[in-house]
$ cat final.cif   # mmCIF, C-alpha atoms
data_query
loop_
_atom_site.label_atom_id
_atom_site.label_comp_id
_atom_site.auth_asym_id
_atom_site.auth_seq_id
_atom_site.Cartn_x
_atom_site.Cartn_y
_atom_site.Cartn_z
CA MET B 542 -70.68 -15.36 -62.08
CA ALA B 543 -69.08 -12.82 -59.80
CA SER B 544 -71.21 -9.83 -58.96
CA LEU B 545 -70.60 -6.42 -60.44
CA LYS B 546 -69.26 -5.13 -57.16
CA ASP B 547 -66.75 -7.98 -56.86
CA ILE B 548 -65.37 -7.41 -60.32
CA GLN B 549 -65.10 -3.72 -59.73
CA LEU B 550 -63.15 -4.27 -56.51
CA LYS B 551 -60.82 -6.64 -58.28
CA ILE B 552 -60.15 -4.14 -61.05
CA VAL B 553 -59.24 -1.50 -58.48
CA GLY B 554 -56.90 -3.94 -56.76
CA VAL B 555 -55.12 -4.97 -59.93
CA LYS B 556 -54.75 -1.34 -60.93
CA LYS B 557 -52.99 -0.62 -57.65
CA THR B 558 -50.66 -3.56 -58.19
CA GLU B 559 -49.91 -2.25 -61.65
CA GLN B 560 -48.95 1.11 -60.23
CA ILE B 561 -46.56 -0.50 -57.79
CA THR B 562 -44.89 -2.73 -60.35
CA LYS B 563 -44.58 0.20 -62.73
CA ALA B 564 -42.90 2.28 -60.04
CA MET B 565 -40.56 -0.60 -59.15
CA ASN B 566 -39.68 -0.95 -62.79
CA MET B 567 -38.68 2.67 -62.98
CA VAL B 568 -36.73 2.56 -59.73
CA ALA B 569 -34.87 -0.52 -60.97
CA ALA B 570 -34.07 1.26 -64.22
CA ALA B 571 -32.58 4.19 -62.34
CA LYS B 572 -30.63 1.93 -60.01
CA LEU B 573 -29.39 -0.12 -62.93
CA ARG B 574 -27.79 2.97 -64.39
CA GLY B 575 -25.96 3.56 -61.11
CA ALA B 576 -24.89 -0.06 -60.77
CA GLN B 577 -23.70 -0.19 -64.34
CA SER B 578 -21.60 2.91 -64.00
CA ARG B 579 -20.04 1.58 -60.80
CA MET B 580 -19.18 -1.57 -62.69
CA GLU B 581 -17.57 0.47 -65.41
CA GLU B 582 -15.65 2.64 -62.95
CA PHE B 583 -14.24 -0.47 -61.38
CA ARG B 584 -13.15 -1.95 -64.68
CA PRO B 585 -9.93 0.07 -65.23
CA TYR B 586 -8.79 -0.87 -61.74
CA ALA B 587 -9.53 -4.55 -62.21
CA GLU B 588 -7.97 -4.67 -65.67
CA LYS B 589 -4.80 -2.96 -64.60
CA PHE B 590 -4.57 -5.22 -61.60
CA GLY B 591 -4.99 -8.30 -63.75
CA SER B 592 -2.36 -7.24 -66.26
CA VAL B 593 0.22 -6.44 -63.59
CA MET B 594 -0.45 -9.73 -61.82
CA GLY B 595 -0.02 -11.54 -65.10
CA GLU B 596 3.26 -9.86 -65.85
CA LEU B 597 4.57 -10.71 -62.41
CA ALA B 598 3.37 -14.27 -62.42
CA GLY B 599 4.82 -14.91 -65.87
CA GLY B 600 8.38 -14.78 -64.58
CA THR B 601 7.97 -16.63 -61.34
CA ASN B 602 7.56 -20.16 -60.14
CA SER B 603 4.03 -20.76 -58.97
CA ALA B 604 4.96 -23.55 -56.60
CA SER B 605 6.55 -21.14 -54.18
CA PHE B 606 3.33 -19.31 -53.35
CA PRO B 607 0.94 -20.83 -50.85
CA LEU B 608 -2.05 -19.16 -52.52
CA MET B 609 -1.18 -20.74 -55.86
CA GLU B 610 -0.58 -24.20 -54.47
CA ILE B 611 -2.72 -26.77 -56.25
CA ARG B 612 -3.50 -29.48 -53.72
CA GLU B 613 -3.58 -33.05 -54.88
CA ASN B 614 -6.04 -34.30 -52.35
CA ILE B 615 -8.99 -31.95 -52.36
CA LYS B 616 -11.21 -32.62 -49.38
CA LYS B 617 -13.36 -29.56 -49.16
CA VAL B 618 -14.50 -27.02 -51.72
CA ALA B 619 -16.03 -23.67 -50.88
CA LEU B 620 -18.32 -21.69 -53.13
CA VAL B 621 -18.91 -18.01 -52.64
CA VAL B 622 -22.53 -17.50 -53.63
CA VAL B 623 -23.23 -13.91 -54.57
CA THR B 624 -26.95 -13.17 -54.70
CA SER B 625 -29.08 -10.11 -54.14
CA ASP B 626 -30.44 -9.00 -50.79
CA ARG B 627 -33.93 -8.41 -52.05
CA GLY B 628 -36.38 -10.43 -54.07
CA LEU B 629 -38.94 -9.53 -56.70
CA CYS B 630 -36.46 -9.88 -59.50
CA GLY B 631 -37.80 -12.88 -61.35
CA ALA B 632 -35.81 -16.08 -61.41
CA PHE B 633 -32.52 -14.27 -60.94
CA ASN B 634 -31.62 -15.60 -57.49
CA ALA B 635 -33.21 -18.97 -58.14
CA ASN B 636 -30.97 -19.37 -61.18
CA ILE B 637 -27.86 -18.67 -59.15
CA ILE B 638 -28.96 -21.01 -56.37
CA ASN B 639 -29.79 -23.80 -58.83
CA ALA B 640 -26.43 -23.44 -60.51
CA SER B 641 -24.76 -23.54 -57.08
CA GLU B 642 -26.62 -26.73 -56.18
CA LYS B 643 -25.51 -28.28 -59.43
CA PHE B 644 -21.93 -27.32 -58.67
CA PHE B 645 -22.19 -28.77 -55.17
CA ALA B 646 -23.67 -31.99 -56.51
CA SER B 647 -20.84 -32.42 -59.01
CA GLN B 648 -18.28 -31.83 -56.27
CA ARG B 649 -19.97 -34.32 -53.94
CA GLU B 650 -19.92 -36.89 -56.69
CA ARG B 651 -16.17 -36.63 -56.67
CA GLY B 652 -16.17 -37.28 -52.95
CA ARG B 653 -15.48 -33.76 -51.83
CA GLU B 654 -17.10 -31.91 -49.00
CA THR B 655 -18.81 -28.67 -49.83
CA ALA B 656 -19.44 -25.42 -48.06
CA ALA B 657 -21.05 -22.16 -48.97
CA ILE B 658 -20.03 -18.61 -48.26
CA CYS B 659 -23.00 -16.38 -48.82
CA ILE B 660 -22.95 -12.80 -49.93
CA GLY B 661 -26.47 -11.43 -50.17
CA ARG B 662 -29.54 -12.26 -48.12
CA LYS B 663 -31.35 -14.42 -50.66
CA GLY B 664 -28.63 -17.02 -51.06
CA ASN B 665 -28.01 -17.06 -47.34
CA SER B 666 -31.62 -17.73 -46.35
CA TYR B 667 -31.72 -20.59 -48.83
CA PHE B 668 -28.49 -22.27 -47.81
CA GLU B 669 -29.10 -21.85 -44.10
CA LYS B 670 -32.11 -24.11 -44.49
CA SER B 671 -30.38 -26.57 -46.81
CA SER B 672 -27.98 -29.33 -45.83
CA THR B 673 -24.99 -27.36 -47.13
CA GLU B 674 -22.81 -25.83 -44.47
CA VAL B 675 -22.56 -22.04 -44.51
CA ILE B 676 -19.11 -21.04 -43.28
CA TYR B 677 -19.47 -17.34 -43.60
CA LYS B 678 -22.18 -14.92 -44.54
CA MET B 679 -22.50 -11.30 -45.39
CA VAL B 680 -25.95 -9.86 -45.87
CA ASP B 681 -27.37 -6.39 -46.44
CA CYS B 682 -24.37 -5.20 -48.37
CA MET B 683 -25.66 -5.38 -51.92
CA ALA B 684 -27.46 -2.06 -51.82
CA ASN B 685 -24.19 -0.26 -51.29
CA ILE B 686 -21.31 -2.41 -52.44
CA GLN B 687 -18.04 -1.39 -50.85
CA MET B 688 -14.50 -2.65 -51.20
CA PHE B 689 -14.24 -3.47 -47.51
CA ASN B 690 -17.13 -5.93 -47.84
CA ALA B 691 -15.20 -7.79 -50.50
CA LYS B 692 -12.09 -7.52 -48.38
CA GLN B 693 -13.72 -9.17 -45.38
CA VAL B 694 -14.85 -12.11 -47.46
CA GLY B 695 -11.45 -12.31 -49.15
CA GLN B 696 -9.59 -12.37 -45.85
CA LYS B 697 -11.86 -15.08 -44.53
CA LEU B 698 -11.33 -17.17 -47.67
CA ILE B 699 -7.58 -16.84 -47.56
CA GLN B 700 -7.50 -17.73 -43.90
CA LEU B 701 -9.64 -20.84 -44.50
CA PHE B 702 -7.48 -21.83 -47.45
CA LEU B 703 -4.19 -21.38 -45.64
CA ASP B 704 -5.22 -23.27 -42.51
CA GLY B 705 -6.40 -26.16 -44.68
CA THR B 706 -10.11 -25.96 -43.92
CA ILE B 707 -10.81 -25.62 -47.62
CA ASP B 708 -8.67 -26.71 -50.54
CA GLU B 709 -10.39 -24.84 -53.32
CA ALA B 710 -12.64 -21.83 -53.60
CA HIS B 711 -14.92 -20.72 -56.37
CA VAL B 712 -17.27 -17.84 -56.79
CA ILE B 713 -20.67 -17.86 -58.45
CA TYR B 714 -22.37 -14.63 -59.43
CA GLY B 715 -24.94 -13.25 -61.83
CA ARG B 716 -22.92 -12.27 -64.82
CA PHE B 717 -24.20 -9.16 -66.53
CA ILE B 718 -24.23 -9.84 -70.25
CA ASN B 719 -26.71 -7.14 -71.19
CA VAL B 720 -29.90 -5.61 -69.81
CA ALA B 721 -31.98 -8.56 -71.03
CA VAL B 722 -29.57 -11.41 -70.29
CA GLN B 723 -27.94 -12.34 -66.99
CA LYS B 724 -26.39 -15.74 -66.47
CA PRO B 725 -24.89 -17.41 -63.44
CA ALA B 726 -21.14 -17.77 -63.92
CA ILE B 727 -18.57 -19.70 -61.87
CA LYS B 728 -14.94 -18.69 -61.49
CA ARG B 729 -12.16 -20.25 -59.50
CA LEU B 730 -10.69 -17.98 -56.85
CA LEU B 731 -8.28 -20.23 -55.00
CA PRO B 732 -5.77 -21.52 -55.72
CA ILE B 733 -4.94 -18.68 -58.06
CA SER B 734 -4.21 -20.17 -61.46
CA GLN B 735 -1.15 -19.14 -63.38
CA GLU B 736 -2.91 -19.42 -66.75
CA GLY B 737 -5.71 -17.15 -65.59
CA LEU B 738 -3.19 -14.53 -64.60
CA GLU B 739 -1.25 -14.70 -67.82
CA GLU B 740 -4.42 -14.28 -69.82
CA GLY B 741 -4.89 -10.95 -68.11
CA ALA B 742 -1.47 -9.84 -69.23
CA GLU B 743 -2.13 -10.77 -72.84
CA ALA B 744 -5.33 -8.78 -72.89
CA GLU B 745 -3.70 -5.44 -72.25
CA LYS B 746 -0.34 -4.89 -73.82
CA GLU B 747 0.74 -1.60 -75.24
CA GLY B 748 4.17 -1.30 -76.73
CA PRO B 749 7.18 -3.36 -75.84
CA THR B 750 7.59 -3.96 -72.15
CA ALA B 751 11.12 -3.49 -70.95
CA ALA B 752 12.48 -5.25 -67.92
CA TYR B 753 10.96 -3.78 -64.80
CA ILE B 754 12.71 -2.54 -61.75
CA TYR B 755 11.01 -4.33 -58.90
CA GLU B 756 10.80 -2.90 -55.46
CA PRO B 757 10.81 -5.12 -53.45
CA GLU B 758 11.48 -8.41 -55.34
CA PRO B 759 8.75 -9.78 -57.62
CA GLU B 760 8.00 -12.58 -55.18
CA ALA B 761 7.42 -10.17 -52.34
CA ILE B 762 5.21 -7.98 -54.51
CA LEU B 763 3.19 -10.98 -55.61
CA ASN B 764 2.75 -12.10 -52.03
CA GLN B 765 1.33 -8.72 -51.20
CA LEU B 766 -0.85 -8.44 -54.26
CA MET B 767 -2.38 -11.91 -54.27
CA PRO B 768 -4.77 -11.36 -51.38
CA MET B 769 -5.78 -8.08 -52.97
CA PHE B 770 -6.34 -9.87 -56.24
CA ILE B 771 -8.85 -12.15 -54.53
CA ASN B 772 -10.62 -9.11 -53.11
CA VAL B 773 -10.72 -7.51 -56.53
CA GLN B 774 -12.32 -10.61 -57.99
CA ILE B 775 -14.93 -10.82 -55.25
CA MET B 776 -15.65 -7.13 -55.65
CA HIS B 777 -16.07 -7.67 -59.36
CA ALA B 778 -18.51 -10.52 -58.76
CA MET B 779 -20.50 -8.37 -56.34
CA LEU B 780 -20.72 -5.45 -58.74
CA GLU B 781 -21.83 -7.69 -61.59
CA THR B 782 -24.48 -9.30 -59.43
CA GLY B 783 -25.64 -5.87 -58.33
CA ALA B 784 -26.13 -4.70 -61.90
CA SER B 785 -27.70 -7.99 -62.96
CA GLU B 786 -30.14 -7.84 -60.06
CA GLN B 787 -31.46 -4.47 -61.13
CA ALA B 788 -31.69 -5.54 -64.76
CA ALA B 789 -33.55 -8.71 -63.76
CA ARG B 790 -35.91 -6.73 -61.57
CA MET B 791 -36.57 -4.32 -64.38
CA THR B 792 -37.58 -7.14 -66.72
CA ALA B 793 -39.61 -8.91 -64.05
CA MET B 794 -41.51 -5.76 -63.16
CA ASP B 795 -42.07 -4.97 -66.81
CA ASN B 796 -43.64 -8.41 -67.25
CA ALA B 797 -45.73 -7.94 -64.14
CA THR B 798 -47.02 -4.58 -65.37
CA ARG B 799 -47.96 -6.15 -68.66
CA ALA B 800 -49.72 -9.04 -66.93
CA CYS B 801 -51.67 -6.49 -64.86
CA LYS B 802 -52.76 -4.70 -68.02
CA ASP B 803 -54.02 -7.96 -69.52
CA MET B 804 -55.88 -8.78 -66.36
CA ILE B 805 -57.53 -5.38 -66.23
CA GLU B 806 -58.60 -5.77 -69.83
CA ASN B 807 -60.19 -9.17 -69.17
CA LEU B 808 -61.82 -7.99 -66.00
CA THR B 809 -63.26 -4.93 -67.69
CA LEU B 810 -64.71 -7.17 -70.36
CA ALA B 811 -66.28 -9.41 -67.73
CA TYR B 812 -67.59 -6.35 -65.89
CA ASN B 813 -69.25 -4.94 -69.01
CA LYS B 814 -70.78 -8.30 -69.82
CA ALA B 815 -72.15 -8.68 -66.32
CA ARG B 816 -73.52 -5.14 -66.38
CA GLN B 817 -75.18 -5.71 -69.74
CA GLY B 818 -76.61 -8.97 -68.44
CA ALA B 819 -78.09 -7.19 -65.44
CA ILE B 820 -79.65 -4.50 -67.64
CA THR B 821 -81.15 -7.11 -69.95
CA THR B 822 -82.65 -9.02 -67.04
CA GLU B 823 -84.12 -5.86 -65.61
CA LEU B 824 -85.64 -4.90 -68.98
CA MET B 825 -87.12 -8.35 -69.34
CA ASP B 826 -88.66 -7.97 -65.91
CA ILE B 827 -90.19 -4.60 -66.77
CA VAL B 828 -91.49 -5.78 -70.13
CA GLY B 829 -92.83 -8.96 -68.51
CA GLY B 830 -94.55 -6.87 -65.81
CA ALA B 831 -96.13 -4.52 -68.38
CA GLU B 832 -97.39 -7.47 -70.44
CA ALA B 833 -98.95 -9.02 -67.33
CA LEU B 834 -100.80 -5.78 -66.47
CA LYS B 835 -102.20 -5.52 -70.02
CA GLY B 836 -103.45 -9.04 -69.97
CA MET G 265 5.47 16.80 -73.90
CA ALA G 266 8.63 14.83 -73.56
CA ASN G 267 9.33 16.14 -70.08
CA LYS G 268 5.92 15.40 -68.62
CA LEU G 269 4.78 12.27 -66.91
CA ILE G 270 1.24 10.97 -67.14
CA LEU G 271 -0.01 10.20 -63.66
CA GLU G 272 -3.07 8.13 -62.96
CA VAL G 273 -4.34 7.31 -59.52
CA VAL G 274 -7.11 4.72 -59.57
CA THR G 275 -9.13 3.26 -56.70
CA PRO G 276 -11.87 0.64 -56.93
CA SER G 277 -14.56 3.30 -56.79
CA ARG G 278 -13.16 6.06 -58.96
CA GLN G 279 -10.28 7.63 -60.81
CA VAL G 280 -8.77 10.15 -58.42
CA VAL G 281 -6.12 11.72 -60.65
CA SER G 282 -5.49 11.68 -64.36
CA ASP G 283 -3.06 14.40 -65.26
CA GLU G 284 0.28 15.31 -66.82
CA VAL G 285 2.73 16.14 -64.10
CA ASP G 286 6.39 17.11 -63.68
CA LEU G 287 7.16 14.99 -60.67
CA ALA G 288 5.41 12.49 -58.45
CA THR G 289 6.45 10.82 -55.23
CA ALA G 290 4.92 7.72 -53.70
CA PRO G 291 5.36 5.89 -50.38
CA GLY G 292 6.91 2.59 -51.43
CA THR G 293 7.15 -0.34 -49.06
CA ASP G 294 10.93 0.08 -49.09
CA GLY G 295 10.78 3.84 -48.78
CA VAL G 296 9.50 6.92 -50.51
CA PHE G 297 10.52 7.31 -54.14
CA GLY G 298 10.13 10.00 -56.74
CA VAL G 299 9.34 9.55 -60.41
CA MET G 300 9.99 12.04 -63.19
CA ALA G 301 9.43 11.83 -66.92
CA ASN G 302 11.19 9.02 -68.81
CA HIS G 303 11.68 6.94 -65.71
CA ALA G 304 12.72 3.34 -66.24
CA PRO G 305 9.89 0.79 -65.92
CA LEU G 306 9.18 0.20 -62.28
CA LEU G 307 6.82 -1.86 -60.24
CA ALA G 308 6.59 -1.19 -56.54
CA THR G 309 4.19 -1.90 -53.72
CA LEU G 310 2.99 0.97 -51.60
CA GLN G 311 2.36 1.40 -47.94
CA ILE G 312 -0.06 3.70 -46.21
CA GLY G 313 1.30 7.17 -46.58
CA GLU G 314 1.51 10.44 -48.34
CA MET G 315 2.07 10.92 -52.02
CA HIS G 316 2.34 14.19 -53.86
CA TYR G 317 2.80 15.47 -57.36
CA GLU G 318 3.90 18.72 -58.91
CA LYS G 319 2.41 20.33 -61.93
CA ASP G 320 3.62 23.69 -63.18
CA GLY G 321 4.96 24.57 -59.74
CA GLU G 322 1.76 23.61 -57.98
CA VAL G 323 1.93 20.83 -55.41
CA VAL G 324 -0.96 18.48 -54.76
CA ARG G 325 -0.89 16.09 -51.84
CA LEU G 326 -2.78 12.86 -51.51
CA ALA G 327 -3.32 10.28 -48.80
CA VAL G 328 -3.02 6.78 -50.20
CA SER G 329 -3.39 3.42 -48.53
CA GLY G 330 -2.35 0.06 -49.81
CA GLY G 331 -1.79 -0.94 -53.38
CA PHE G 332 0.99 -0.65 -55.88
CA CYS G 333 2.45 1.57 -58.52
CA GLU G 334 3.56 0.83 -62.03
CA VAL G 335 5.70 3.03 -64.23
CA SER G 336 6.12 2.27 -67.90
CA ASN G 337 6.12 4.20 -71.17
CA ASN G 338 6.18 7.51 -69.36
CA ARG G 339 2.99 6.65 -67.53
CA MET G 340 2.69 6.16 -63.81
CA THR G 341 -0.29 4.22 -62.60
CA VAL G 342 -1.05 4.05 -58.92
CA LEU G 343 -3.60 1.44 -57.90
CA ALA G 344 -4.58 2.13 -54.33
CA GLU G 345 -7.32 0.79 -52.11
CA ALA G 346 -8.12 4.34 -51.13
CA ALA G 347 -6.77 7.71 -52.21
CA GLU G 348 -7.90 11.23 -51.46
CA LYS G 349 -6.59 14.63 -52.38
CA SER G 350 -5.89 16.88 -49.42
CA GLU G 351 -8.99 19.00 -50.00
CA GLU G 352 -11.20 15.91 -50.16
CA ILE G 353 -10.20 14.61 -46.75
CA ASP G 354 -12.93 14.62 -44.15
CA ILE G 355 -11.10 15.82 -41.03
CA ASP G 356 -13.89 14.93 -38.61
CA ARG G 357 -14.03 11.42 -39.94
CA ALA G 358 -10.28 11.04 -39.74
CA LEU G 359 -10.30 12.32 -36.13
CA LYS G 360 -12.99 9.84 -35.20
CA ALA G 361 -11.09 7.07 -36.93
CA LYS G 362 -8.03 8.00 -34.93
CA GLU G 363 -9.90 7.83 -31.64
CA ARG G 364 -11.40 4.51 -32.60
CA ALA G 365 -8.01 3.17 -33.57
CA GLU G 366 -6.53 4.30 -30.26
CA ARG G 367 -9.23 2.45 -28.37
CA ARG G 368 -8.76 -0.66 -30.47
CA LEU G 369 -5.01 -0.56 -30.01
CA GLN G 370 -5.41 -0.62 -26.25
CA GLU G 371 -7.96 -3.39 -26.37
CA ALA G 372 -5.84 -5.48 -28.68
CA GLU G 373 -2.76 -4.98 -26.58
CA THR G 374 -4.46 -6.13 -23.42
CA ARG G 375 -5.87 -9.17 -25.15
CA ARG G 376 -2.70 -9.84 -27.14
CA GLU G 377 -4.41 -10.59 -30.40
CA GLU G 378 -1.98 -10.08 -33.18
CA ILE G 379 -4.42 -9.73 -36.06
CA ASP G 380 -6.46 -7.12 -34.25
CA LEU G 381 -3.32 -5.32 -33.27
CA ALA G 382 -2.09 -5.19 -36.86
CA ARG G 383 -5.45 -3.94 -38.06
CA ALA G 384 -5.68 -1.29 -35.41
CA LYS G 385 -2.17 -0.14 -36.22
CA ALA G 386 -3.01 0.13 -39.91
CA ALA G 387 -6.18 2.07 -39.13
CA MET G 388 -4.13 4.35 -36.90
CA THR G 389 -1.57 5.04 -39.61
CA ARG G 390 -4.28 5.77 -42.15
CA ALA G 391 -5.98 8.24 -39.84
CA LEU G 392 -2.71 9.96 -38.96
CA VAL G 393 -1.67 10.32 -42.59
CA ARG G 394 -5.03 11.80 -43.52
CA LEU G 395 -4.89 14.27 -40.64
CA LYS G 396 -1.35 15.29 -41.45
CA ILE G 397 -2.12 15.99 -45.08
CA ALA G 398 -5.38 17.77 -44.33
CA GLN G 399 -3.69 20.01 -41.79
CA GLN G 400 -0.80 20.87 -44.08
CA LYS G 401 -3.35 22.17 -46.49
CA GLN G 402 -4.88 24.47 -43.91
CA SER G 403 -1.69 26.06 -42.64
#
$ encode --input "final.cif" --output "structure tokens"
Amino acid sequence: MASLKDIQLKIVGVKKTEQITKAMNMVAAAKLRGAQSRMEEFRPYAEKFGSVMGELAGGTNSASFPLMEIRENIKKVALVVVTSDRGLCGAFNANIINASEKFFASQRERGRETAAICIGRKGNSYFEKSSTEVIYKMVDCMANIQMFNAKQVGQKLIQLFLDGTIDEAHVIYGRFINVAVQKPAIKRLLPISQEGLEEGAEAEKEGPTAAYIYEPEPEAILNQLMPMFINVQIMHAMLETGASEQAARMTAMDNATRACKDMIENLTLAYNKARQGAITTELMDIVGGAEALKG
Amino acid sequence: MANKLILEVVTPSRQVVSDEVDLATAPGTDGVFGVMANHAPLLATLQIGEMHYEKDGEVVRLAVSGGFCEVSNNRMTVLAEAAEKSEEIDIDRALKAKERAERRLQEAETRREEIDLARAKAAMTRALVRLKIAQQKQS
């Protein structure tokens, strides 16, 4: 059995850990509020963008846009993996990475090459060590998510797609369902699908829409908006991951705090037992000594 | 409120304007255009430039960059990558951006890299528009 001193030291240590995890839980809760409100502020922009794109795409022929071109022979598929920069958030990043690996495996089965584009440090450090090629990375941006981060990734993707390096691009991110549930979700970014666009238009329709005056022509507008649409989607994925990360950390730290409490309880019990044992032994010694003197 | 137009200016990070206005102008790719109440549905892309709106005789100026504008049902929605009202513009930052852009322009020209050149030019225009609007406010 461990000595009294050892147990006491251990209790002190666990208590300190508990304090830290409790603090991290509260910090994550505060950050979650911020991340969630950023997500909500972005929503009107993204929704409006989607509905306008849908309206435009509805009346045009998708074959004429290079970014909508569905290639018959798909040689290489890229996956934008959006993870967090920092750990200590439970299985959150591991879930995203596992889902990415599954996606890569299914693509390889179909004879396609795969490549990763990493946003967030955690995904990057994993894929840099794995056999999957990392074409592009962006780390240390998840603490303060900005549109230009998304734009850089978007531009890179479009460039790779247009010069034929990749034939398809998807994004995987931690979808924020609610504070307790975050799930990895995969969306196709390139080529832009006509159906996906039209869905956006259906979602938000108020009143009859008359024929628009376009300036310049719808095709020209679409050509300008498509790259931005990709950026918007990447931005959306980043914001969702950001909120999910904080929610996951909150839960993880809550669990850790609870585990600490359990441990302290058990240790205290062991400490009391050991102390009582020591007292009993001492008493026995004294009584034994007194008996011996009498005799 | 038949003669008012609802104007909304939205950027990825926030809603900059949400107001009922008499008149709004925006820098379209094919030229500046104005929109008043009951305008026909319109969809136009925007370039980096100045937009302004009038409400009860008061004029508010904004610097916008990139994006598009939709008008329908007496509502004008401007989706821009960035938009600031004149009083929100950080003049020091814009000045620094201008200097940086000037340097980049020279570098890009000597190296003849078209992408860099285009980017530097866009950065330059953005900085100039911001400065112009901020200075109008002061005078």
$ resolve_selection --input "final.cif" --expression "the PyMOL selection byres ((chain G) within 7 of (chain B))" --output "PyMOL selection string"
chain G and resi 274-278+294+305-309+343
$ atom_distance --input "final.cif" --atom1 "atom CA of Lys319 of chain G" --atom2 "atom CA of Leu269 of chain G"
9.8 Å
$ residues_around --input "final.cif" --residues "segment 706-708 of chain B" --least-positions-apart "4" --cutoff "10 Å" --atoms "all atoms listed in the file" --output "PyMOL selection string"
chain B and resi 610-619+653-656+698-702+731-732
$ resolve_selection --input "final.cif" --expression "the PyMOL selection byres ((chain G and resi 297) around 12)" --output "short mmCIF file (atom, residue, chain, number, x, y, z; two decimals) with C-alpha atoms, keeping the file's coordinate frame"
data_model
loop_
_atom_site.label_atom_id
_atom_site.label_comp_id
_atom_site.auth_asym_id
_atom_site.auth_seq_id
_atom_site.Cartn_x
_atom_site.Cartn_y
_atom_site.Cartn_z
CA GLU B 756 10.80 -2.90 -55.46
CA LEU G 287 7.16 14.99 -60.67
CA ALA G 288 5.41 12.49 -58.45
CA THR G 289 6.45 10.82 -55.23
CA ALA G 290 4.92 7.72 -53.70
CA PRO G 291 5.36 5.89 -50.38
CA GLY G 292 6.91 2.59 -51.43
CA THR G 293 7.15 -0.34 -49.06
CA ASP G 294 10.93 0.08 -49.09
CA GLY G 295 10.78 3.84 -48.78
CA VAL G 296 9.50 6.92 -50.51
CA GLY G 298 10.13 10.00 -56.74
CA VAL G 299 9.34 9.55 -60.41
CA MET G 300 9.99 12.04 -63.19
CA HIS G 303 11.68 6.94 -65.71
CA LEU G 306 9.18 0.20 -62.28
CA LEU G 307 6.82 -1.86 -60.24
CA ALA G 308 6.59 -1.19 -56.54
CA THR G 309 4.19 -1.90 -53.72
CA LEU G 310 2.99 0.97 -51.60
CA GLN G 311 2.36 1.40 -47.94
CA GLY G 313 1.30 7.17 -46.58
CA GLU G 314 1.51 10.44 -48.34
CA MET G 315 2.07 10.92 -52.02
CA HIS G 316 2.34 14.19 -53.86
CA TYR G 317 2.80 15.47 -57.36
CA CYS G 333 2.45 1.57 -58.52
CA VAL G 335 5.70 3.03 -64.23
#
$ atom_distance --input "final.cif" --atom1 "atom CA of Arg390 of chain G" --atom2 "atom CA of Ala327 of chain G"
8.1 Å
$ resolve_selection --input "final.cif" --expression "the PyMOL selection byres ((chain G and resi 354-356) around 10)" --output "compact mmCIF listing (two decimals) with C-alpha atoms, keeping the file's coordinate frame"
# COMPACT_ATOMS: atom_id res chain seq x y z
CA GLU G 348 -7.90 11.23 -51.46
CA SER G 350 -5.89 16.88 -49.42
CA GLU G 351 -8.99 19.00 -50.00
CA GLU G 352 -11.20 15.91 -50.16
CA ILE G 353 -10.20 14.61 -46.75
CA ARG G 357 -14.03 11.42 -39.94
CA ALA G 358 -10.28 11.04 -39.74
CA LEU G 359 -10.30 12.32 -36.13
CA LYS G 360 -12.99 9.84 -35.20
CA ALA G 361 -11.09 7.07 -36.93
CA LYS G 362 -8.03 8.00 -34.93
CA ALA G 391 -5.98 8.24 -39.84
CA ARG G 394 -5.03 11.80 -43.52
CA LEU G 395 -4.89 14.27 -40.64
CA LYS G 396 -1.35 15.29 -41.45
CA ILE G 397 -2.12 15.99 -45.08
CA ALA G 398 -5.38 17.77 -44.33
CA GLN G 399 -3.69 20.01 -41.79
$ atom_distance --input "final.cif" --atom1 "atom CA of Val342 of chain G" --atom2 "atom CA of Glu781 of chain B"
24.0 Å
$ closest_residue --input "final.cif" --among "B:Asp826, B:Glu786, B:Asp795, B:Glu674" --to "Leu573 of chain B" --atoms "only C-alpha atoms"
B:Glu786
$ closest_residue --input "final.cif" --among "B:Thr624, B:Gln549, B:Gln735, B:Thr822" --to "Phe668 of chain B" --atoms "only C-alpha atoms"
B:Thr624
$ residues_around --input "final.cif" --residues "segment 634-638 of chain B" --least-positions-apart "5" --cutoff "8 Å" --atoms "only C-alpha atoms" --output "JSON, numbers by chain"
{"B": [622, 624, 625, 628, 663, 664, 713, 714, 715, 724, 725]}
$ write_last_selection --input "final.cif" --atoms "C-alpha atoms" --output "short mmCIF file (atom, residue, chain, number, x, y, z; two decimals), in the frame of the given file"
data_model
loop_
_atom_site.label_atom_id
_atom_site.label_comp_id
_atom_site.auth_asym_id
_atom_site.auth_seq_id
_atom_site.Cartn_x
_atom_site.Cartn_y
_atom_site.Cartn_z
CA VAL B 622 -22.53 -17.50 -53.63
CA THR B 624 -26.95 -13.17 -54.70
CA SER B 625 -29.08 -10.11 -54.14
CA GLY B 628 -36.38 -10.43 -54.07
CA LYS B 663 -31.35 -14.42 -50.66
CA GLY B 664 -28.63 -17.02 -51.06
CA ILE B 713 -20.67 -17.86 -58.45
CA TYR B 714 -22.37 -14.63 -59.43
CA GLY B 715 -24.94 -13.25 -61.83
CA LYS B 724 -26.39 -15.74 -66.47
CA PRO B 725 -24.89 -17.41 -63.44
#
$ residues_around --input "final.cif" --residues "Ala347 of chain G" --least-positions-apart "2" --cutoff "7 Å" --atoms "all atoms listed in the file" --output "PyMOL selection string"
chain G and resi 275+280+326-329+344-345+349
$ closest_residue --input "final.cif" --among "G:Val281, G:Ala301, G:Met388, G:Leu381" --to "Arg339 of chain G" --atoms "only C-alpha atoms"
G:Ala301
$ closest_residue --input "final.cif" --among "B:Pro768, B:Gly829, B:Gly836, B:Gly818" --to "Leu608 of chain B" --atoms "only C-alpha atoms"
B:Pro768
